Structure formats: structure tokens, C-alpha cells
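Participant: To start, I am sharing the structure in question, which I have written as C-alpha cells.
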Amino acid sequence: METTLLIVDTSTQAGSVALCRGDEILGEVLLNVRSTHSETLLRSLEGLLRDSSLSLTDVDAFGAVVGPGSFTGVRIGVATVQGLALAVKRPVVTATSLETLGQNIPFSPYPVCAMIDARKNEVYSALYPGRSQSAALSEAQVIAPEQLLQSMQGDCLFIGDGARKYRTLIVRQRGDRAHFVCGALNLVRASSALPILLDKLASGETTPLAQLVPCYIRPSDAEISLADRLREASIEG
């Protein structure tokens with residue numbers, strides 16, 4: 001019997017939930033709006049299950065896109081998956097937002113540079129090999145787009161809201177070696193994580209709920225402020 005998998009992504013503004021059976025997508029809700037994920041996520045989940053004539057107990061496993069991205073958004077998605085999985089005692093598998101984004105273009109003739117706007121004039125980014133998405137060519141990082149582009153060689157396909165935001169800069173530095181996708185493909189969407197999550201389920205790479213944590217890459221503003229205060233206090237002491 002094929003696995004029924006419920007996937008949650010709230011790593012960017014475009015939050016989504018997908019309900020899948022095996023490699024078939026039963027349904028997906030994606031909202032790229034200004035409403036917060038705390039306002040829309042549970043409503044989307046309930047509607048998706050209802051319209052699919054399924055209940056939470058019919059779900060065999062949960063998938064969580066754990067970031068990087070919006071700190072608040074990622075926390076909401078991860079906490080929701082934790083709560084649901086605990087309630088019905090189901091396993092959880094995870095994917096990052098960058099590898100999920102890379103899956104939007106699994107057969108690119110060029111390396112795929114996934115870019116998510118990290119604000120503060122930086123992007124979250126990772127490079128994938130295009131025709132084979134099995135392993136990243138670079139580790140996920142938070143970096144200034146100018147610095148990222150200076151380290152690249154050859155043609156590359158840029159994807160994500162970071163690629164849209166910095167398109168002018170990318171074209172200026174990379175010229176005709178820069179390639180882009182159309183609008184919808186720049187969105188992280190829950191269903192794109194399906195191949196990654198199915199592979200992990202098949203190999204038993206589930207994540208214990210106690211270890212299900214957001215992937216932030218960089219510290220939050222609160223953590224930075226705390227570190228600054230502690231450093232100042234140690235200097236004064």
C-alpha cells in the first residue's frame with residue numbers, strides 16, 4: 001500500500017501544504033499572500049484533508065520543509081508538523097527549502113542556483129547540478145549576492161525569490177551566462193519536496209520529533225542582540 005504523506009512548507013511568504021499518495025499529488029494549497037502562516041496554515045490543512053475525503057489519521061507520514069527562510073514562518077511550519085505527528089504518532093521526514101526549490105527544475109541543462117531572499121542584502125543559496133539533483137555542488141549558505149556571483153563560473157540557472165529580487169545584478173555580473181525561470185517556478189512549494197521525502201522514507205531517514213528543528217543557517221536578530229549584550233557585559237566586567 002502506498003504511503004500517504006502530508007507535506008508542510010512555510011519557509012517563505014508562499015506557504016503551501018501538499019497531500020500525496022506515493023508519488024501522486026492528491027492536492028496542494030499554495031498561498032503567496034501577505035497573510036501570516038499562523039492565519040492560513042491550519043485552515044489550508046483542514047480544507048485539503050476535507051476535500052480529499054481523508055482525515056489526519058489517514059496520513060502515514062509528515063514532511064516538513066525546515067528552512068532556511070523566514071524565521072517566524074519556519075518555526076510555525078515545524079511546530080505544526082511536530083504537533084500533528086505527535087497527535088497521531090506518525091513519522092516525520094524533512095527537506096530544506098533550498099533543495100526543495102531546486103527540485104522545481106530537475107532536468108536543467110545548467111547548474112541550478114537556488115536563491116531565497118534572506119533580507120539584509122543577503123540571500124540563502126545552494127548550487128545543484130541540474131540534470132541530477134542527487135547532491136548539492138555547494139553547501140547551503142547565507143551570503144551577499146555580489147559575493148555569491150563573483151565565485152561562480154560558466155552558465156547557471158537562477159531560481160527563487162532571491163533570483164527575482166537581484167535579477168538586474170545577476171545579469172550585470174553574469175551576462176548571457178545567467179538563465180532564469182518563469183514566475184511560478186520561483187516559489188518554494190511543498191509538493192516539490194516529494195521526491196526527497198519519499199527517498200528518505202524508503203531508506204528510513206526519519207527525524208525524531210525531539211530533533212525536528214528549523215534550519216536557520218544564520219542566528220536570529222534576538223540571538224545576535226543577546227550575544228552583543230553578553231559581549232558588552234564581559235568587557236565592562
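Every chain in the C-alpha cells has a letter given in the order shown (A, B, ...), and although residue numbers restart at 1 in each chain, ligands are simply numbered from 1 in the order shown.
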Residues at most 7 Å from region 94-104 of chain A, counting only C-alpha atoms, excluding those fewer than 2 positions away in the same chain, as a VMD selection string?

Facilitator: chain A and resid 11 63 to 68 92 106 112 114 125 to 126 128 160 185 188 192 to 193 196 to 197

Participant: Which of region 41-142 of chain A end up as alpha helix (DSSP H) when DSSP is run on this backbone - answer as a ChimeraX atom specification?

Facilitator: /A:41-51,71-88,97-102

Participant: Please dump the current selection as a compact mmCIF listing (two decimals), in the first residue's frame; keep C-alpha atoms.

Facilitator:
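The resulting file, selection_28.txt, is shown below:
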```txt
# COMPACT_ATOMS: atom_id res chain seq x y z
CA LEU A 41 -1.84 27.14 7.60
CA LEU A 42 -4.35 25.17 9.68
CA ARG A 43 -7.22 26.35 7.50
CA SER A 44 -5.35 25.13 4.41
CA LEU A 45 -4.55 21.79 6.06
CA GLU A 46 -8.13 21.21 7.16
CA GLY A 47 -9.52 22.13 3.75
CA LEU A 48 -7.06 19.92 1.90
CA LEU A 49 -7.88 16.88 4.03
CA ARG A 50 -11.62 17.54 3.83
CA ASP A 51 -11.62 17.97 0.05
CA PHE A 71 12.49 32.66 10.96
CA THR A 72 8.89 33.03 12.12
CA GLY A 73 7.48 31.16 9.14
CA VAL A 74 9.81 28.19 9.54
CA ARG A 75 9.01 27.96 13.26
CA ILE A 76 5.27 27.86 12.53
CA GLY A 77 5.62 25.06 9.99
CA VAL A 78 7.96 22.95 12.08
CA ALA A 79 5.85 23.35 15.22
CA THR A 80 2.68 22.43 13.32
CA VAL A 81 4.24 19.25 11.94
CA GLN A 82 5.54 18.36 15.39
CA GLY A 83 2.08 18.74 16.89
CA LEU A 84 0.29 16.79 14.18
CA ALA A 85 2.84 13.97 14.13
CA LEU A 86 2.70 13.69 17.90
CA ALA A 87 -1.11 13.64 17.92
CA VAL A 88 -1.39 10.70 15.50
CA SER A 97 13.79 24.95 1.34
CA LEU A 98 16.78 25.28 -1.00
CA GLU A 99 16.79 21.65 -2.13
CA THR A 100 13.00 21.80 -2.44
CA LEU A 101 13.33 24.86 -4.66
CA GLY A 102 15.98 23.08 -6.74
```

Participant: Can you tell me which residues surround Gln153 (chain A) at a distance of at most 12 Å, considering only C-alpha atoms, apart from same-chain residues fewer than 5 positions away, and format the answer as a PDB file with N, CA and C atoms, in the first residue's frame?

Facilitator:
```pdb
ATOM      1  N   TYR A 110      21.819  23.333 -17.128  1.00  0.00           N
ATOM      2  CA  TYR A 110      22.846  24.097 -16.418  1.00  0.00           C
ATOM      3  C   TYR A 110      22.759  23.799 -14.928  1.00  0.00           C
ATOM      4  N   PRO A 111      23.830  24.057 -14.190  1.00  0.00           N
ATOM      5  CA  PRO A 111      23.716  24.016 -12.728  1.00  0.00           C
ATOM      6  C   PRO A 111      22.625  24.969 -12.265  1.00  0.00           C
ATOM      7  N   CYS A 113      21.175  27.395  -9.374  1.00  0.00           N
ATOM      8  CA  CYS A 113      21.495  28.177  -8.184  1.00  0.00           C
ATOM      9  C   CYS A 113      20.190  28.600  -7.518  1.00  0.00           C
ATOM     10  N   LEU A 127      23.979  25.469  -4.638  1.00  0.00           N
ATOM     11  CA  LEU A 127      24.108  25.171  -6.061  1.00  0.00           C
ATOM     12  C   LEU A 127      23.892  23.676  -6.283  1.00  0.00           C
ATOM     13  N   LEU A 148      28.405  35.986  -3.900  1.00  0.00           N
ATOM     14  CA  LEU A 148      28.000  34.711  -4.492  1.00  0.00           C
ATOM     15  C   LEU A 148      28.310  34.684  -5.984  1.00  0.00           C
ATOM     16  N   GLN A 173      26.374  41.100 -13.776  1.00  0.00           N
ATOM     17  CA  GLN A 173      27.636  40.404 -13.497  1.00  0.00           C
ATOM     18  C   GLN A 173      27.836  39.146 -14.338  1.00  0.00           C
ATOM     19  N   ARG A 174      26.742  38.469 -14.707  1.00  0.00           N
ATOM     20  CA  ARG A 174      26.885  37.186 -15.398  1.00  0.00           C
ATOM     21  C   ARG A 174      26.543  37.258 -16.878  1.00  0.00           C
ATOM     22  N   GLY A 175      25.865  38.320 -17.309  1.00  0.00           N
ATOM     23  CA  GLY A 175      25.562  38.477 -18.726  1.00  0.00           C
ATOM     24  C   GLY A 175      24.729  37.329 -19.272  1.00  0.00           C
ATOM     25  N   ARG A 177      25.412  34.361 -19.508  1.00  0.00           N
ATOM     26  CA  ARG A 177      25.628  33.088 -18.800  1.00  0.00           C
ATOM     27  C   ARG A 177      24.584  32.868 -17.714  1.00  0.00           C
ATOM     28  N   ALA A 178      23.741  33.880 -17.493  1.00  0.00           N
ATOM     29  CA  ALA A 178      22.675  33.784 -16.495  1.00  0.00           C
ATOM     30  C   ALA A 178      21.366  33.402 -17.177  1.00  0.00           C
TER      31      ALA A 178
END
```

Participant: Do you know which residues are at most 6 Å from Thr12 (chain A) counting only C-alpha atoms, after dropping those on the same chain fewer than 2 positions away, and could you put them as a list in words?

Facilitator: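 Near neighbours after the sequence-gap exclusion: Thr10, Ala14, Gly69 and Ser70 of chain A.
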
Participant: Compile the contact shell of Cys20 (chain A) as a count of residues only: residues with an atom at most 8 Å away, counting only C-alpha atoms, same-chain residues fewer than 4 positions apart removed.

Facilitator: 10

Participant: Using only C-alpha atoms, find the one residue out of A:Lys120, A:Gln13, A:Ser52, A:Ala210 that sits nearest to Ser35 (chain A).

Facilitator: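 Using only C-alpha atoms, the shortest distance to Ser35 (chain A) belongs to A:Gln13.
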
Participant: With distances taken over only C-alpha atoms, which residue among A:Asp60, A:Lys165, A:Ala136, A:Lys89 lies nearest Glu122 (chain A)?

Facilitator: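 Using only C-alpha atoms, Glu122 (chain A) sits closest to A:Lys165.
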
Participant: As a PyMOL selection string, please: the residues near Ile217 (chain A) (cut-off 8 Å, only C-alpha atoms, same-chain neighbours under 4 positions excluded).

Facilitator: chain A and resi 68+140-142

Participant: What does the distance between CA of Val33 (chain A) and CA of Val8 (chain A) come to in Å, to one decimal place?

Facilitator: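 Calculated distance between CA of Val33 (chain A) and CA of Val8 (chain A) is 16.3 Å.
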
Participant: Taking the DSSP assignment computed from this structure's backbone, write out as a list in words all residues of region 101-160 of chain A that belong to strand (DSSP E or B).

Facilitator: Val112, Cys113, Ala114, Met115, Ile116, Asp117, Ala118, Arg119, Glu122, Val123, Tyr124, Ser125, Ala126, Leu127, Tyr128, Gln141, Val142, Ile143, Cys156, Leu157, Phe158 and Ile159 of chain A
